[in-house]
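K.L.:
Got a file for you: start39.json, JSON, C-alpha atoms.
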```json
[["chain", "number", "residue", "atom", "x", "y", "z"],
["O", 31, "MET", "CA", 7.02, -8.73, 36.73],
["O", 32, "ALA", "CA", 6.68, -9.63, 33.05],
["O", 33, "ALA", "CA", 9.37, -11.61, 31.29],
["O", 34, "ILE", "CA", 11.65, -9.60, 29.02],
["O", 35, "ALA", "CA", 11.37, -10.65, 25.37],
["O", 36, "GLY", "CA", 14.20, -8.52, 24.03],
["O", 37, "LYS", "CA", 15.16, -5.02, 23.07],
["O", 38, "CYS", "CA", 13.22, -2.46, 21.07],
["O", 39, "ALA", "CA", 14.86, -1.85, 17.69],
["O", 40, "ARG", "CA", 14.19, 1.90, 17.90],
["O", 41, "CYS", "CA", 15.02, 2.91, 21.48],
["O", 42, "MET", "CA", 16.97, -0.20, 22.63],
["O", 43, "ARG", "CA", 14.92, -0.52, 25.87],
["O", 44, "ASP", "CA", 13.69, -3.81, 27.34],
["O", 45, "VAL", "CA", 10.32, -4.96, 26.01],
["O", 46, "PRO", "CA", 8.02, -7.36, 27.95],
["O", 47, "ALA", "CA", 7.35, -10.72, 26.32],
["O", 48, "ASP", "CA", 3.59, -10.13, 25.88],
["O", 49, "ALA", "CA", 3.92, -6.60, 24.46],
["O", 50, "ARG", "CA", 3.06, -5.79, 20.86],
["O", 51, "PHE", "CA", 4.44, -2.25, 21.16],
["O", 52, "CYS", "CA", 7.42, -0.78, 23.00],
["O", 53, "PRO", "CA", 6.17, 0.80, 26.26],
["O", 54, "VAL", "CA", 8.72, 3.64, 25.94],
["O", 55, "CYS", "CA", 8.67, 4.77, 22.30],
["O", 56, "GLY", "CA", 5.55, 3.02, 20.96],
["O", 57, "ALA", "CA", 7.30, 1.19, 18.11],
["O", 58, "ARG", "CA", 5.78, -2.08, 16.94],
["O", 59, "VAL", "CA", 7.66, -5.07, 18.33],
["O", 60, "ALA", "CA", 8.10, -8.00, 15.99],
["O", 61, "GLY", "CA", 6.29, -11.04, 17.24],
["O", 62, "ALA", "CA", 3.98, -13.82, 16.25],
["O", 63, "PRO", "CA", 0.68, -12.55, 14.86],
["O", 64, "ARG", "CA", -2.35, -13.18, 17.01],
["O", 65, "PRO", "CA", -5.09, -15.33, 15.51],
["O", 66, "LEU", "CA", -8.36, -13.64, 14.66],
["O", 67, "ARG", "CA", -10.78, -14.36, 17.51],
["O", 68, "ARG", "CA", -13.97, -12.75, 18.78],
["O", 69, "ARG", "CA", -13.16, -11.04, 22.07],
["O", 70, "ARG", "CA", -15.71, -12.12, 24.66],
["O", 71, "GLU", "CA", -14.44, -9.85, 27.44],
["O", 72, "ASN", "CA", -14.87, -6.64, 25.41],
["O", 73, "GLU", "CA", -17.98, -7.53, 23.45],
["O", 74, "LYS", "CA", -21.06, -5.43, 22.84],
["O", 75, "LEU", "CA", -23.00, -7.84, 20.61],
["O", 76, "ALA", "CA", -20.87, -10.82, 19.57],
["O", 77, "GLY", "CA", -17.32, -9.49, 19.95],
["O", 78, "VAL", "CA", -16.60, -9.20, 16.22],
["O", 79, "CYS", "CA", -15.41, -5.58, 16.25],
["O", 80, "ALA", "CA", -13.36, -6.18, 19.39],
["O", 81, "GLY", "CA", -11.67, -9.15, 17.74],
["O", 82, "LEU", "CA", -10.95, -7.18, 14.58],
["O", 83, "ALA", "CA", -9.56, -4.29, 16.61],
["O", 84, "ASP", "CA", -7.29, -6.62, 18.55],
["O", 85, "ASN", "CA", -6.10, -8.34, 15.38],
["O", 86, "PHE", "CA", -5.27, -5.08, 13.58],
["O", 87, "ASP", "CA", -3.95, -3.24, 16.68],
["O", 88, "LEU", "CA", -6.65, -0.56, 16.55],
["O", 89, "ASP", "CA", -8.90, 1.00, 19.15],
["O", 90, "VAL", "CA", -12.14, -0.95, 19.45],
["O", 91, "THR", "CA", -14.21, 2.26, 19.47],
["O", 92, "LEU", "CA", -12.64, 3.30, 16.16],
["O", 93, "VAL", "CA", -13.44, -0.08, 14.59],
["O", 94, "ARG", "CA", -17.03, 0.08, 15.84],
["O", 95, "ALA", "CA", -17.48, 3.62, 14.51],
["O", 96, "ILE", "CA", -16.06, 2.69, 11.09],
["O", 97, "TYR", "CA", -18.28, -0.39, 10.96],
["O", 98, "VAL", "CA", -21.45, 1.56, 11.81],
["O", 99, "ILE", "CA", -20.66, 4.29, 9.27],
["O", 100, "ALA", "CA", -19.87, 1.72, 6.57],
["O", 101, "THR", "CA", -23.07, -0.15, 7.38],
["O", 102, "PHE", "CA", -25.20, 2.97, 6.90],
["O", 103, "PHE", "CA", -23.43, 4.02, 3.70],
["O", 104, "THR", "CA", -23.77, 0.59, 2.07],
["O", 105, "GLY", "CA", -27.32, 0.03, 3.15],
["O", 106, "ILE", "CA", -28.15, -1.51, 6.47],
["O", 107, "VAL", "CA", -28.88, -5.06, 5.30],
["O", 108, "PRO", "CA", -25.40, -5.90, 3.87],
["O", 109, "GLY", "CA", -23.69, -4.63, 7.01],
["O", 110, "LEU", "CA", -25.94, -6.68, 9.28],
["O", 111, "LEU", "CA", -25.47, -9.78, 7.14],
["O", 112, "LEU", "CA", -21.69, -9.33, 7.18],
["O", 113, "TYR", "CA", -21.71, -8.99, 10.97],
["O", 114, "LEU", "CA", -23.82, -12.13, 11.31],
["O", 115, "VAL", "CA", -21.52, -14.11, 9.01],
["O", 116, "LEU", "CA", -18.43, -12.88, 10.87],
["O", 117, "ALA", "CA", -20.01, -13.79, 14.22],
["O", 118, "LEU", "CA", -20.62, -17.31, 12.96],
["O", 119, "VAL", "CA", -17.26, -17.79, 11.21],
["O", 120, "ILE", "CA", -14.78, -16.22, 13.64],
["O", 121, "PRO", "CA", -14.20, -18.45, 16.67],
["O", 122, "ALA", "CA", -14.67, -17.01, 20.15],
["O", 123, "SER", "CA", -11.71, -16.59, 22.47]]
```
Could I get this file's structure written as structure tokens?

P.N.:
Amino acid sequence: MAAIAGKCARCMRDVPADARFCPVCGARVAGAPRPLRRRRENEKLAGVCAGLADNFDLDVTLVRAIYVIATFFTGIVPGLLLYLVLALVIPAS
């Protein structure tokens, strides 16, 4: 059983210590921000999109779709260079 961190401000239910959102109402739970890291367990290429999705609390598929669309609209080379730079700069988890 997970440790209880406190109460949700919206629904006043117990929230587990490792939760970023209330499991009952879905409200964001205040907590320390997670550092930006490439996610190795959910990676497709280098884990950049998975790390960004985890950092911004978004679905990884949504982040990947936005990245691919933005890469095609800006020209393929800038998007690939940005991904390469991010893969080199962001540390792996």

K.L.:
If we count only C-alpha atoms, what is near Ala83 (chain O) at a cut-off of 12 Å, once residues fewer than 2 positions away on the same chain are taken out, given as a list in words?

P.N.:
Arg64, Pro65, Leu66, Arg67, Arg68, Arg69, Asn72, Glu73, Gly77, Val78, Cys79, Ala80, Gly81, Asn85, Phe86, Asp87, Leu88, Asp89, Val90, Thr91, Leu92, Val93, Arg94, Ala95, Ile96 and Tyr97 of chain O

K.L.:
At a cut-off of 12 Å around the point (3.8, -2.6, 14.6) (file coordinates), what residues fall inside when counting all atoms listed in the file? I'd like the answer as a PyMOL selection string.

P.N.:
chain O and resi 38-40+49-52+55-63+85-88

K.L.:
Output, as lines of an AutoDock Vina configuration file, the centre and edge lengths in Å (one decimal) of the axis-aligned box that contains all listed atoms of region 71-76 of chain O with 6 Å of margin on each side.

P.N.:
```
center_x = -18.7
center_y = -8.1
center_z = 23.5
size_x = 20.6
size_y = 17.4
size_z = 19.9
```

K.L.:
Please indicate the distance in Å from CA of Ala100 (chain O) to CA of Val115 (chain O), rounded to one decimal place.

P.N.:
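A separation of 16.1 Å between them.
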
K.L.:
Would you compute the distance between CA of Ala47 (chain O) and CA of Ser123 (chain O)? Give it in Å to one decimal.

P.N.:
20.3 Å

K.L.:
How many Å lie between CA of Thr104 (chain O) and CA of Asp84 (chain O), rounded to one decimal?

P.N.:
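Taking CA of Thr104 (chain O) as the start and CA of Asp84 (chain O) as the end point, the length is 24.4 Å.
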
K.L.:
For each of O:Ala33, O:Val98, O:Ala76, O:Met42, take the minimum atom-to-atom distance to Ile120 (chain O), counting all atoms listed in the file, then give the residue where this is smallest.

P.N.:
O:Ala76

K.L.:
Quick one: of O:Gly36, O:Ile106, O:Arg70, O:Thr101, who's nearest to Pro121 (chain O), counting all atoms listed in the file?

P.N.:
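Closest to Pro121 (chain O) of all the choices is O:Arg70.
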
K.L.:
Mind dumping region 77-101 of chain O from that block, keeping N, CA and C atoms, as a PDB file, in the first residue's frame?

P.N.:
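File written: decode_35.pdb
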```
ATOM      1  N   GLY O  77      13.954   8.348 -26.221  1.00  0.00           N
ATOM      2  CA  GLY O  77      13.202   8.643 -25.015  1.00  0.00           C
ATOM      3  C   GLY O  77      12.930  10.109 -24.783  1.00  0.00           C
ATOM      4  N   VAL O  78      13.200  10.968 -25.771  1.00  0.00           N
ATOM      5  CA  VAL O  78      13.017  12.406 -25.610  1.00  0.00           C
ATOM      6  C   VAL O  78      11.539  12.756 -25.441  1.00  0.00           C
ATOM      7  N   CYS O  79      10.689  12.281 -26.313  1.00  0.00           N
ATOM      8  CA  CYS O  79       9.259  12.598 -26.228  1.00  0.00           C
ATOM      9  C   CYS O  79       8.632  12.015 -24.967  1.00  0.00           C
ATOM     10  N   ALA O  80       9.066  10.839 -24.558  1.00  0.00           N
ATOM     11  CA  ALA O  80       8.554  10.247 -23.330  1.00  0.00           C
ATOM     12  C   ALA O  80       8.959  11.074 -22.125  1.00  0.00           C
ATOM     13  N   GLY O  81      10.177  11.588 -22.119  1.00  0.00           N
ATOM     14  CA  GLY O  81      10.626  12.445 -21.028  1.00  0.00           C
ATOM     15  C   GLY O  81       9.884  13.766 -20.994  1.00  0.00           C
ATOM     16  N   LEU O  82       9.654  14.357 -22.165  1.00  0.00           N
ATOM     17  CA  LEU O  82       8.892  15.603 -22.221  1.00  0.00           C
ATOM     18  C   LEU O  82       7.456  15.384 -21.767  1.00  0.00           C
ATOM     19  N   ALA O  83       6.859  14.285 -22.180  1.00  0.00           N
ATOM     20  CA  ALA O  83       5.489  13.982 -21.772  1.00  0.00           C
ATOM     21  C   ALA O  83       5.394  13.791 -20.269  1.00  0.00           C
ATOM     22  N   ASP O  84       6.358  13.117 -19.694  1.00  0.00           N
ATOM     23  CA  ASP O  84       6.359  12.907 -18.249  1.00  0.00           C
ATOM     24  C   ASP O  84       6.557  14.223 -17.508  1.00  0.00           C
ATOM     25  N   ASN O  85       7.411  15.078 -18.028  1.00  0.00           N
ATOM     26  CA  ASN O  85       7.691  16.348 -17.370  1.00  0.00           C
ATOM     27  C   ASN O  85       6.494  17.294 -17.408  1.00  0.00           C
ATOM     28  N   PHE O  86       5.753  17.290 -18.510  1.00  0.00           N
ATOM     29  CA  PHE O  86       4.615  18.193 -18.667  1.00  0.00           C
ATOM     30  C   PHE O  86       3.268  17.528 -18.364  1.00  0.00           C
ATOM     31  N   ASP O  87       3.282  16.307 -17.839  1.00  0.00           N
ATOM     32  CA  ASP O  87       2.061  15.568 -17.495  1.00  0.00           C
ATOM     33  C   ASP O  87       1.119  15.411 -18.680  1.00  0.00           C
ATOM     34  N   LEU O  88       1.661  15.003 -19.815  1.00  0.00           N
ATOM     35  CA  LEU O  88       0.879  14.776 -21.023  1.00  0.00           C
ATOM     36  C   LEU O  88       1.016  13.321 -21.442  1.00  0.00           C
ATOM     37  N   ASP O  89       0.139  12.891 -22.318  1.00  0.00           N
ATOM     38  CA  ASP O  89       0.220  11.552 -22.882  1.00  0.00           C
ATOM     39  C   ASP O  89       1.378  11.506 -23.870  1.00  0.00           C
ATOM     40  N   VAL O  90       2.182  10.465 -23.800  1.00  0.00           N
ATOM     41  CA  VAL O  90       3.356  10.358 -24.652  1.00  0.00           C
ATOM     42  C   VAL O  90       2.974  10.281 -26.125  1.00  0.00           C
ATOM     43  N   THR O  91       1.859   9.668 -26.445  1.00  0.00           N
ATOM     44  CA  THR O  91       1.412   9.591 -27.843  1.00  0.00           C
ATOM     45  C   THR O  91       1.065  10.978 -28.373  1.00  0.00           C
ATOM     46  N   LEU O  92       0.463  11.807 -27.549  1.00  0.00           N
ATOM     47  CA  LEU O  92       0.137  13.181 -27.941  1.00  0.00           C
ATOM     48  C   LEU O  92       1.411  13.976 -28.209  1.00  0.00           C
ATOM     49  N   VAL O  93       2.393  13.845 -27.353  1.00  0.00           N
ATOM     50  CA  VAL O  93       3.660  14.567 -27.536  1.00  0.00           C
ATOM     51  C   VAL O  93       4.354  14.105 -28.808  1.00  0.00           C
ATOM     52  N   ARG O  94       4.350  12.801 -29.058  1.00  0.00           N
ATOM     53  CA  ARG O  94       4.979  12.283 -30.279  1.00  0.00           C
ATOM     54  C   ARG O  94       4.260  12.787 -31.525  1.00  0.00           C
ATOM     55  N   ALA O  95       2.937  12.798 -31.496  1.00  0.00           N
ATOM     56  CA  ALA O  95       2.168  13.276 -32.648  1.00  0.00           C
ATOM     57  C   ALA O  95       2.429  14.756 -32.906  1.00  0.00           C
ATOM     58  N   ILE O  96       2.447  15.554 -31.853  1.00  0.00           N
ATOM     59  CA  ILE O  96       2.720  16.993 -32.010  1.00  0.00           C
ATOM     60  C   ILE O  96       4.122  17.206 -32.552  1.00  0.00           C
ATOM     61  N   TYR O  97       5.078  16.424 -32.060  1.00  0.00           N
ATOM     62  CA  TYR O  97       6.457  16.573 -32.525  1.00  0.00           C
ATOM     63  C   TYR O  97       6.592  16.208 -34.004  1.00  0.00           C
ATOM     64  N   VAL O  98       5.954  15.131 -34.420  1.00  0.00           N
ATOM     65  CA  VAL O  98       6.035  14.721 -35.835  1.00  0.00           C
ATOM     66  C   VAL O  98       5.368  15.761 -36.729  1.00  0.00           C
ATOM     67  N   ILE O  99       4.214  16.255 -36.334  1.00  0.00           N
ATOM     68  CA  ILE O  99       3.523  17.274 -37.137  1.00  0.00           C
ATOM     69  C   ILE O  99       4.349  18.545 -37.213  1.00  0.00           C
ATOM     70  N   ALA O 100       4.906  18.984 -36.080  1.00  0.00           N
ATOM     71  CA  ALA O 100       5.738  20.186 -36.077  1.00  0.00           C
ATOM     72  C   ALA O 100       6.993  19.995 -36.913  1.00  0.00           C
ATOM     73  N   THR O 101       7.550  18.793 -36.905  1.00  0.00           N
ATOM     74  CA  THR O 101       8.744  18.517 -37.702  1.00  0.00           C
ATOM     75  C   THR O 101       8.438  18.634 -39.193  1.00  0.00           C
TER      76      THR O 101
END
```
